[in-house]
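Trainee: What follows is data_28.cif; its format and atoms are mmCIF, C-alpha atoms and all ligand atoms.
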```cif
data_start
#
loop_
_atom_site.label_atom_id
_atom_site.label_comp_id
_atom_site.auth_asym_id
_atom_site.auth_seq_id
_atom_site.Cartn_x
_atom_site.Cartn_y
_atom_site.Cartn_z
CA MET A 1 28.46 24.27 35.44
CA GLN A 2 31.31 24.91 37.82
CA SER A 3 33.56 27.90 37.56
CA ARG A 4 36.36 25.69 36.27
CA PRO A 5 34.49 23.31 34.02
CA TYR A 6 37.37 21.10 33.24
CA SER A 7 40.40 19.67 34.86
CA LEU A 8 43.66 18.87 33.23
CA LEU A 9 45.24 15.56 33.90
CA GLY A 10 48.87 16.31 33.72
CA LEU A 11 51.97 14.92 32.25
CA ALA A 12 52.41 12.45 35.06
CA LEU A 13 49.17 10.69 34.31
CA ALA A 14 49.67 10.64 30.55
CA THR A 15 53.18 9.36 30.96
CA SER A 16 52.25 6.71 33.45
CA LEU A 17 49.46 5.51 31.19
CA LEU A 18 51.79 5.34 28.26
CA LEU A 19 54.68 3.74 30.03
CA SER A 20 53.09 1.28 32.34
CA CYS A 21 50.30 -1.23 32.47
CA THR A 22 49.75 -0.87 36.18
CA PRO A 23 46.50 0.81 37.19
CA VAL A 24 46.76 4.46 38.02
CA SER A 25 46.09 5.22 41.66
CA ALA A 26 43.46 7.90 41.63
CA PRO A 27 44.33 10.24 44.52
CA ASP A 28 47.98 10.85 43.68
CA GLU A 29 47.60 11.11 39.95
CA LEU A 30 44.51 13.23 40.08
CA ASN A 31 46.26 15.82 42.17
CA THR A 32 48.29 16.88 39.18
CA SER A 33 45.69 19.46 38.12
CA ALA A 34 47.02 22.96 37.69
CA ASN A 35 44.95 24.36 40.54
CA ASP A 36 44.34 22.73 43.86
CA GLN A 37 40.62 22.38 43.44
CA PRO A 38 39.22 18.89 43.54
CA LEU A 39 38.65 17.44 40.12
CA ALA A 40 35.12 17.31 38.85
CA ILE A 41 35.45 13.58 38.36
CA GLY A 42 35.66 13.29 42.15
CA THR A 43 31.95 14.18 42.31
CA PRO A 44 30.26 12.64 45.37
CA GLY A 45 28.20 9.61 44.52
CA ILE A 46 30.59 8.30 41.91
CA PRO A 47 32.48 5.31 43.26
CA GLN A 48 36.12 6.16 43.84
CA PHE A 49 37.37 3.26 41.77
CA ALA A 50 35.45 4.53 38.76
CA PRO A 51 37.46 7.54 37.68
CA ALA A 52 40.87 5.89 37.48
CA ALA A 53 39.44 2.86 35.71
CA LEU A 54 37.45 5.02 33.33
CA ILE A 55 40.36 7.32 32.61
CA ASP A 56 42.50 4.30 31.90
CA GLU A 57 39.88 2.90 29.54
CA ALA A 58 39.35 6.23 27.80
CA SER A 59 43.04 6.85 27.37
CA ALA A 60 43.54 3.39 25.88
CA LEU A 61 40.68 3.99 23.43
CA THR A 62 42.14 7.29 22.22
CA GLN A 63 45.49 5.61 21.71
CA ARG A 64 43.88 2.78 19.77
CA PHE A 65 41.99 5.27 17.60
CA ALA A 66 45.09 7.26 16.70
CA GLY A 67 47.24 4.14 16.53
CA THR A 68 44.90 2.51 14.01
CA LEU A 69 44.19 5.56 11.88
CA LEU A 70 47.73 6.87 11.53
CA PRO A 71 49.28 3.79 9.85
CA THR A 72 46.19 3.50 7.64
CA LEU A 73 46.65 7.10 6.57
CA GLN A 74 50.38 6.66 6.03
CA SER A 75 49.98 3.58 3.84
CA ALA A 76 47.16 5.21 1.86
CA LEU A 77 49.42 8.20 1.21
CA GLN A 78 52.28 5.97 0.13
CA ALA A 79 50.12 3.69 -1.99
CA GLY A 80 48.06 6.28 -3.84
CA GLY A 81 49.03 9.80 -2.82
CA PRO A 82 46.89 12.40 -1.05
CA LEU A 83 43.79 12.08 -3.23
CA ASN A 84 43.60 8.39 -2.42
CA ALA A 85 44.31 9.10 1.24
CA ILE A 86 41.43 11.58 1.45
CA ASP A 87 39.02 8.85 0.44
CA VAL A 88 40.60 6.37 2.81
CA CYS A 89 40.46 8.87 5.67
CA ALA A 90 36.81 9.65 4.95
CA LEU A 91 35.93 5.97 5.15
CA GLU A 92 38.33 4.69 7.77
CA ALA A 93 38.09 7.40 10.43
CA PRO A 94 34.34 6.98 10.99
CA ARG A 95 34.66 3.21 10.66
CA ILE A 96 37.32 3.04 13.39
CA ALA A 97 35.26 5.35 15.60
CA GLN A 98 32.20 3.17 15.14
CA GLN A 99 34.06 -0.05 15.76
CA LEU A 100 35.62 1.27 18.97
CA SER A 101 32.21 2.56 20.10
CA GLU A 102 30.55 -0.80 19.50
CA GLU A 103 33.32 -2.71 21.23
CA SER A 104 33.59 -0.49 24.26
CA GLY A 105 30.19 1.05 24.91
CA TRP A 106 31.75 4.53 24.75
CA GLU A 107 30.67 7.11 22.23
CA VAL A 108 33.86 7.81 20.27
CA THR A 109 34.13 10.86 18.01
CA ARG A 110 36.62 13.40 16.70
CA VAL A 111 36.03 17.11 17.11
CA SER A 112 37.74 20.32 16.04
CA LEU A 113 37.28 24.07 16.40
CA LYS A 114 37.88 24.16 12.63
CA ALA A 115 35.96 21.10 11.54
CA ARG A 116 36.31 19.48 8.16
CA ASN A 117 33.45 17.04 8.48
CA ASP A 118 30.24 18.59 9.85
CA THR A 119 30.02 15.68 12.28
CA ALA A 120 33.18 17.01 13.98
CA VAL A 121 31.63 20.30 15.15
CA PRO A 122 32.14 20.34 18.95
CA ASP A 123 29.40 20.84 21.52
CA SER A 124 29.77 23.54 24.17
CA TRP A 125 31.80 21.45 26.62
CA GLU A 126 34.09 20.22 23.85
CA THR A 127 34.47 23.80 22.57
CA GLN A 128 35.67 25.00 25.97
CA VAL A 129 38.10 22.12 26.29
CA LEU A 130 39.49 22.71 22.78
CA HIS A 131 40.07 26.41 23.55
CA MET A 132 41.84 25.40 26.75
CA PHE A 133 43.99 22.90 24.82
CA ASP A 134 44.99 25.66 22.37
CA GLN A 135 45.90 28.02 25.20
CA ARG A 136 47.99 25.42 26.94
CA GLN A 137 49.72 24.37 23.73
CA GLN A 138 50.53 28.02 23.03
CA ALA A 139 51.90 28.30 26.56
CA GLY A 140 54.34 25.53 25.72
CA GLU A 141 52.72 22.29 26.83
CA ALA A 142 53.11 19.26 24.58
CA PRO A 143 49.79 18.45 22.89
CA ALA A 144 50.18 14.73 23.49
CA THR A 145 49.96 15.40 27.23
CA LEU A 146 46.77 17.45 26.99
CA ASN A 147 43.71 15.57 28.09
CA VAL A 148 40.70 16.21 30.24
CA ALA A 149 38.28 14.03 32.17
CA GLU A 150 35.06 15.23 33.70
CA THR A 151 31.59 14.09 34.61
CA VAL A 152 29.18 16.30 32.70
CA ASN A 153 25.42 15.97 33.20
CA GLY A 154 25.72 12.34 34.22
CA ASP A 155 28.12 11.35 31.45
CA PHE A 156 31.79 10.64 31.97
CA ARG A 157 33.63 12.58 29.30
CA TYR A 158 37.23 12.49 28.17
CA MET A 159 39.16 14.35 25.50
CA GLN A 160 42.66 13.84 24.16
CA ALA A 161 44.27 16.54 22.00
CA GLN A 162 45.51 15.56 18.55
CA PRO A 163 48.56 17.51 17.43
CA THR A 164 49.29 18.42 13.82
CA ALA A 165 52.37 16.50 12.64
CA PRO A 166 54.27 17.46 9.47
CA LEU A 167 52.49 14.58 7.67
CA CYS A 168 49.11 16.20 8.35
CA LEU A 169 50.02 19.41 6.52
CA THR A 170 49.42 17.78 3.12
CA CYS A 171 45.71 18.05 3.84
CA HIS A 172 45.51 20.50 6.77
CA GLY A 173 48.43 22.87 6.21
CA SER A 174 48.65 26.38 4.81
CA GLU A 175 50.17 25.31 1.50
CA VAL A 176 47.82 22.55 0.42
CA SER A 177 48.12 21.80 -3.28
CA GLN A 178 45.34 22.94 -5.59
CA GLU A 179 44.27 19.42 -6.48
CA VAL A 180 44.09 18.32 -2.84
CA LEU A 181 42.15 21.47 -1.97
CA SER A 182 39.66 20.85 -4.79
CA ALA A 183 39.14 17.24 -3.74
CA ILE A 184 38.58 18.30 -0.13
CA ARG A 185 36.20 21.12 -1.03
CA ALA A 186 34.19 18.80 -3.28
CA LYS A 187 33.68 16.36 -0.43
CA TYR A 188 33.49 18.83 2.46
CA PRO A 189 31.96 22.11 1.29
CA ASN A 190 32.07 23.55 4.84
CA ASP A 191 35.70 22.59 5.45
CA LEU A 192 37.56 24.84 7.88
CA ALA A 193 40.48 22.52 8.56
CA ILE A 194 43.12 24.24 6.43
CA GLY A 195 45.93 26.55 7.52
CA TYR A 196 47.46 24.59 10.39
CA GLN A 197 51.11 24.53 11.27
CA ALA A 198 53.01 21.57 12.66
CA GLY A 199 52.65 21.41 16.43
CA GLN A 200 49.25 23.11 16.57
CA ILE A 201 46.29 21.20 17.88
CA ARG A 202 44.21 19.92 14.99
CA GLY A 203 41.39 18.67 17.22
CA ALA A 204 40.68 15.98 19.74
CA ILE A 205 39.34 12.52 20.18
CA SER A 206 36.26 12.90 22.36
CA LEU A 207 34.72 10.09 24.40
CA ARG A 208 31.53 9.89 26.36
CA LYS A 209 30.06 7.19 28.54
CA PRO A 210 26.84 7.39 30.56
CA MET A 211 27.56 6.86 34.27
C1 LIG B 301 45.21 12.77 2.93
C2 LIG B 301 44.67 13.92 3.58
C3 LIG B 301 44.74 14.00 5.08
C4 LIG B 301 45.83 13.91 5.87
C5 LIG B 301 47.27 13.67 5.46
C6 LIG B 301 45.36 14.12 7.22
N1 LIG B 301 44.02 14.33 7.24
FE1 LIG B 301 42.89 14.77 8.84
N2 LIG B 301 41.24 14.74 7.72
C7 LIG B 301 41.22 14.47 6.37
C8 LIG B 301 39.86 14.27 5.93
C9 LIG B 301 39.40 13.94 4.52
C10 LIG B 301 39.05 14.41 7.08
C11 LIG B 301 37.56 14.25 7.20
C12 LIG B 301 37.31 12.79 7.58
C13 LIG B 301 35.86 12.48 7.83
O1 LIG B 301 35.06 12.61 6.91
O2 LIG B 301 35.55 12.10 8.97
C14 LIG B 301 39.96 14.71 8.17
C15 LIG B 301 39.54 14.92 9.46
C16 LIG B 301 40.37 15.05 10.54
C17 LIG B 301 39.94 15.22 11.90
C18 LIG B 301 38.50 15.18 12.41
C19 LIG B 301 37.93 16.52 12.65
C20 LIG B 301 37.46 17.22 11.40
O3 LIG B 301 37.93 18.34 11.22
O4 LIG B 301 36.67 16.64 10.62
C21 LIG B 301 41.06 15.32 12.67
C22 LIG B 301 41.12 15.51 14.18
C23 LIG B 301 42.18 15.20 11.78
N3 LIG B 301 41.74 15.05 10.49
C24 LIG B 301 43.48 15.22 12.19
C25 LIG B 301 44.53 14.91 11.36
C26 LIG B 301 45.88 14.74 11.84
C27 LIG B 301 46.31 14.92 13.28
C28 LIG B 301 46.63 14.38 10.77
C29 LIG B 301 48.08 13.99 10.74
C30 LIG B 301 48.47 12.91 11.61
C31 LIG B 301 45.75 14.36 9.61
N4 LIG B 301 44.50 14.66 10.01
C32 LIG B 301 46.17 14.08 8.33
C33 LIG B 301 42.30 14.40 5.52
C34 LIG B 301 43.59 14.25 5.94
#
```
The structure in this file should be written as structure tokens.
Ligand code: HEC
Mentor:
Amino acid sequence: MQSRPYSLLGLALATSLLLSCTPVSAPDELNTSANDQPLAIGTPGIPQFAPAALIDEASALTQRFAGTLLPTLQSALQAGGPLNAIDVCALEAPRIAQQLSEESGWEVTRVSLKARNDTAVPDSWETQVLHMFDQRQQAGEAPATLNVAETVNGDFRYMQAQPTAPLCLTCHGSEVSQEVLSAIRAKYPNDLAIGYQAGQIRGAISLRKPM
């Protein structure tokens, strides 16, 4: 592993992906990393067109994941309250991840340093990236702009931070109601995903594709 195992793609890239449909030109956009070292995704042997196209694809997938789950969660909360929404989240989140994986050929998961579902426990690369996301969020960067792309052991990997919005506190906050807490504990005995405040990073969507 290199001394800086990850590289942050900055605000410019995130913004350009959000605001425009035009392909990102790799050299300019990739130079937005905090240091001046070349990004790991520029590894020799990987065609130059690949990183920008892959980053574009990965970013779109993370937006589809969040953009599908959030309204589902919101309507489940409105329709049946938090207990209903817990069940919906438990079914829908893995279903959306699986559907996106099947459609795209990427492995799509969610991870967290304080996982609720045991399947969300991060591996060592994801753990490092999540710590880095936390540090950068604490230093004042907006979570929505925090993402990382890197080739790791022959896989192209991408992570997008997921911030905690006020809505999330019903089930992830520090004042979760007793009945919500009981329902969560019954389903997820190893749950660690309580005690967040709005604006903190709850976790990330993590993508992986063999090169
Ligand atoms: C109604 C309760 C509820 C609300 C509201 C809620 N979550 Fe969750 N969250 C859950 C449950 C239940 C799981 C476990 C889902 C599973 O089994 O995969 C979960 C899992 C997650 C995970 C996957 C990692 C892990 O720890 O398992 C992330 C990331 C996450 N939630 C982020 C959020 C964010 C961000 C919001 C607000 C936009 C939010 N959640 C709102 C109940 C909720």
Trainee: Pick from A:Arg110, A:His131, A:Arg185, A:Arg136: nearest to ligand LIG 301 (chain B), with only C-alpha atoms and all ligand atoms counted?
Mentor: A:Arg110
Trainee: Using all atoms listed in the file, find each residue of chain A with at least one atom at most 9 Å away from an atom of ligand LIG 301 (chain B); report its shortest atom-to-atom pair and that distance in Å (one decimal), sort the rows by chain and rising residue number, and return the result as a Markdown table.
Mentor:
```
| residue | atom | partner | partner_atom | distance |
| --- | --- | --- | --- | --- |
| A:Ala66 | CA | B:LIG301 | C30 | 8.3 |
| A:Leu69 | CA | B:LIG301 | C30 | 8.5 |
| A:Leu70 | CA | B:LIG301 | C30 | 6.1 |
| A:Leu73 | CA | B:LIG301 | C5 | 6.7 |
| A:Gln74 | CA | B:LIG301 | C5 | 7.7 |
| A:Ala76 | CA | B:LIG301 | C1 | 7.9 |
| A:Leu77 | CA | B:LIG301 | C1 | 6.4 |
| A:Gly81 | CA | B:LIG301 | C1 | 7.5 |
| A:Pro82 | CA | B:LIG301 | C1 | 4.3 |
| A:Leu83 | CA | B:LIG301 | C1 | 6.4 |
| A:Asn84 | CA | B:LIG301 | C1 | 7.1 |
| A:Ala85 | CA | B:LIG301 | C1 | 4.1 |
| A:Ile86 | CA | B:LIG301 | C1 | 4.2 |
| A:Asp87 | CA | B:LIG301 | C9 | 6.5 |
| A:Val88 | CA | B:LIG301 | C9 | 7.9 |
| A:Cys89 | CA | B:LIG301 | C9 | 5.3 |
| A:Ala90 | CA | B:LIG301 | O1 | 4.0 |
| A:Leu91 | CA | B:LIG301 | O1 | 6.9 |
| A:Glu92 | CA | B:LIG301 | O2 | 8.0 |
| A:Ala93 | CA | B:LIG301 | O2 | 5.5 |
| A:Pro94 | CA | B:LIG301 | O2 | 5.6 |
| A:Thr109 | CA | B:LIG301 | C18 | 8.3 |
| A:Arg110 | CA | B:LIG301 | C18 | 5.0 |
| A:Val111 | CA | B:LIG301 | C19 | 4.9 |
| A:Ser112 | CA | B:LIG301 | C19 | 5.1 |
| A:Leu113 | CA | B:LIG301 | O3 | 7.8 |
| A:Lys114 | CA | B:LIG301 | O3 | 6.0 |
| A:Ala115 | CA | B:LIG301 | O3 | 3.4 |
| A:Arg116 | CA | B:LIG301 | O3 | 3.6 |
| A:Asn117 | CA | B:LIG301 | O4 | 3.9 |
| A:Asp118 | CA | B:LIG301 | O4 | 6.8 |
| A:Thr119 | CA | B:LIG301 | O4 | 6.9 |
| A:Ala120 | CA | B:LIG301 | O4 | 4.9 |
| A:Val121 | CA | B:LIG301 | C20 | 7.6 |
| A:Ala161 | CA | B:LIG301 | C22 | 8.5 |
| A:Gln162 | CA | B:LIG301 | C27 | 5.4 |
| A:Pro163 | CA | B:LIG301 | C27 | 5.4 |
| A:Thr164 | CA | B:LIG301 | C27 | 4.6 |
| A:Ala165 | CA | B:LIG301 | C29 | 5.3 |
| A:Pro166 | CA | B:LIG301 | C29 | 7.2 |
| A:Leu167 | CA | B:LIG301 | C29 | 5.4 |
| A:Cys168 | CA | B:LIG301 | C29 | 3.4 |
| A:Leu169 | CA | B:LIG301 | C5 | 6.5 |
| A:Thr170 | CA | B:LIG301 | C5 | 5.2 |
| A:Cys171 | CA | B:LIG301 | C2 | 4.3 |
| A:His172 | CA | B:LIG301 | N1 | 6.4 |
| A:Val180 | CA | B:LIG301 | C2 | 7.8 |
| A:Ala183 | CA | B:LIG301 | C9 | 8.9 |
| A:Ile184 | CA | B:LIG301 | C9 | 6.4 |
| A:Lys187 | CA | B:LIG301 | C9 | 7.9 |
| A:Tyr188 | CA | B:LIG301 | C11 | 7.7 |
| A:Asp191 | CA | B:LIG301 | O3 | 7.5 |
| A:Leu192 | CA | B:LIG301 | O3 | 7.3 |
| A:Ala193 | CA | B:LIG301 | O3 | 5.6 |
| A:Ile201 | CA | B:LIG301 | C27 | 7.8 |
| A:Arg202 | CA | B:LIG301 | C22 | 5.4 |
| A:Gly203 | CA | B:LIG301 | C22 | 4.4 |
| A:Ala204 | CA | B:LIG301 | C22 | 5.6 |
| A:Ile205 | CA | B:LIG301 | C22 | 6.9 |
```
Trainee: Could you save the residues just selected, with C-alpha atoms, as a PDB file, in the coordinates of the input?
Mentor:
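Result file part_4.pdb:
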```pdb
ATOM      1  CA  ALA A  66      45.090   7.260  16.700  1.00  0.00           C
ATOM      2  CA  LEU A  69      44.190   5.560  11.880  1.00  0.00           C
ATOM      3  CA  LEU A  70      47.730   6.870  11.530  1.00  0.00           C
ATOM      4  CA  LEU A  73      46.650   7.100   6.570  1.00  0.00           C
ATOM      5  CA  GLN A  74      50.380   6.660   6.030  1.00  0.00           C
ATOM      6  CA  ALA A  76      47.160   5.210   1.860  1.00  0.00           C
ATOM      7  CA  LEU A  77      49.420   8.200   1.210  1.00  0.00           C
ATOM      8  CA  GLY A  81      49.030   9.800  -2.820  1.00  0.00           C
ATOM      9  CA  PRO A  82      46.890  12.400  -1.050  1.00  0.00           C
ATOM     10  CA  LEU A  83      43.790  12.080  -3.230  1.00  0.00           C
ATOM     11  CA  ASN A  84      43.600   8.390  -2.420  1.00  0.00           C
ATOM     12  CA  ALA A  85      44.310   9.100   1.240  1.00  0.00           C
ATOM     13  CA  ILE A  86      41.430  11.580   1.450  1.00  0.00           C
ATOM     14  CA  ASP A  87      39.020   8.850   0.440  1.00  0.00           C
ATOM     15  CA  VAL A  88      40.600   6.370   2.810  1.00  0.00           C
ATOM     16  CA  CYS A  89      40.460   8.870   5.670  1.00  0.00           C
ATOM     17  CA  ALA A  90      36.810   9.650   4.950  1.00  0.00           C
ATOM     18  CA  LEU A  91      35.930   5.970   5.150  1.00  0.00           C
ATOM     19  CA  GLU A  92      38.330   4.690   7.770  1.00  0.00           C
ATOM     20  CA  ALA A  93      38.090   7.400  10.430  1.00  0.00           C
ATOM     21  CA  PRO A  94      34.340   6.980  10.990  1.00  0.00           C
ATOM     22  CA  THR A 109      34.130  10.860  18.010  1.00  0.00           C
ATOM     23  CA  ARG A 110      36.620  13.400  16.700  1.00  0.00           C
ATOM     24  CA  VAL A 111      36.030  17.110  17.110  1.00  0.00           C
ATOM     25  CA  SER A 112      37.740  20.320  16.040  1.00  0.00           C
ATOM     26  CA  LEU A 113      37.280  24.070  16.400  1.00  0.00           C
ATOM     27  CA  LYS A 114      37.880  24.160  12.630  1.00  0.00           C
ATOM     28  CA  ALA A 115      35.960  21.100  11.540  1.00  0.00           C
ATOM     29  CA  ARG A 116      36.310  19.480   8.160  1.00  0.00           C
ATOM     30  CA  ASN A 117      33.450  17.040   8.480  1.00  0.00           C
ATOM     31  CA  ASP A 118      30.240  18.590   9.850  1.00  0.00           C
ATOM     32  CA  THR A 119      30.020  15.680  12.280  1.00  0.00           C
ATOM     33  CA  ALA A 120      33.180  17.010  13.980  1.00  0.00           C
ATOM     34  CA  VAL A 121      31.630  20.300  15.150  1.00  0.00           C
ATOM     35  CA  ALA A 161      44.270  16.540  22.000  1.00  0.00           C
ATOM     36  CA  GLN A 162      45.510  15.560  18.550  1.00  0.00           C
ATOM     37  CA  PRO A 163      48.560  17.510  17.430  1.00  0.00           C
ATOM     38  CA  THR A 164      49.290  18.420  13.820  1.00  0.00           C
ATOM     39  CA  ALA A 165      52.370  16.500  12.640  1.00  0.00           C
ATOM     40  CA  PRO A 166      54.270  17.460   9.470  1.00  0.00           C
ATOM     41  CA  LEU A 167      52.490  14.580   7.670  1.00  0.00           C
ATOM     42  CA  CYS A 168      49.110  16.200   8.350  1.00  0.00           C
ATOM     43  CA  LEU A 169      50.020  19.410   6.520  1.00  0.00           C
ATOM     44  CA  THR A 170      49.420  17.780   3.120  1.00  0.00           C
ATOM     45  CA  CYS A 171      45.710  18.050   3.840  1.00  0.00           C
ATOM     46  CA  HIS A 172      45.510  20.500   6.770  1.00  0.00           C
ATOM     47  CA  VAL A 180      44.090  18.320  -2.840  1.00  0.00           C
ATOM     48  CA  ALA A 183      39.140  17.240  -3.740  1.00  0.00           C
ATOM     49  CA  ILE A 184      38.580  18.300  -0.130  1.00  0.00           C
ATOM     50  CA  LYS A 187      33.680  16.360  -0.430  1.00  0.00           C
ATOM     51  CA  TYR A 188      33.490  18.830   2.460  1.00  0.00           C
ATOM     52  CA  ASP A 191      35.700  22.590   5.450  1.00  0.00           C
ATOM     53  CA  LEU A 192      37.560  24.840   7.880  1.00  0.00           C
ATOM     54  CA  ALA A 193      40.480  22.520   8.560  1.00  0.00           C
ATOM     55  CA  ILE A 201      46.290  21.200  17.880  1.00  0.00           C
ATOM     56  CA  ARG A 202      44.210  19.920  14.990  1.00  0.00           C
ATOM     57  CA  GLY A 203      41.390  18.670  17.220  1.00  0.00           C
ATOM     58  CA  ALA A 204      40.680  15.980  19.740  1.00  0.00           C
ATOM     59  CA  ILE A 205      39.340  12.520  20.180  1.00  0.00           C
TER      60      ILE A 205
END
```
Trainee: Looking at all atoms listed in the file, which of A:Glu150, A:Glu141, A:Asp56, A:Glu107 is the one that sits closest to A:Leu207?
Mentor: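 Distance minimum relative to A:Leu207 lands on A:Glu107.
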Trainee: Please compute the atom CA of A:Gly173-atom CA of A:Gln197 distance, one decimal, in Å.
Mentor: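 Going from atom CA of A:Gly173 over to atom CA of A:Gln197 covers 6.0 Å.
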Trainee: Between atom CA of A:Asp123 and atom CA of A:Gly105, what is the spacing in Å?
Mentor: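 Rounded to one decimal, the two atoms are 20.1 Å apart.
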Trainee: Smallest atom-to-atom distance to A:Pro51: which of A:Gln138, A:Lys209, A:Gln98, A:Ser104, using only C-alpha atoms?
Mentor: A:Lys209
Trainee: Please, what distance in Å, to one decimal, runs between atom CA of A:Ala53 and atom CA of A:Asp155?
Mentor: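 So the two atoms, atom CA of A:Ala53 and atom CA of A:Asp155, lie 14.8 Å apart.
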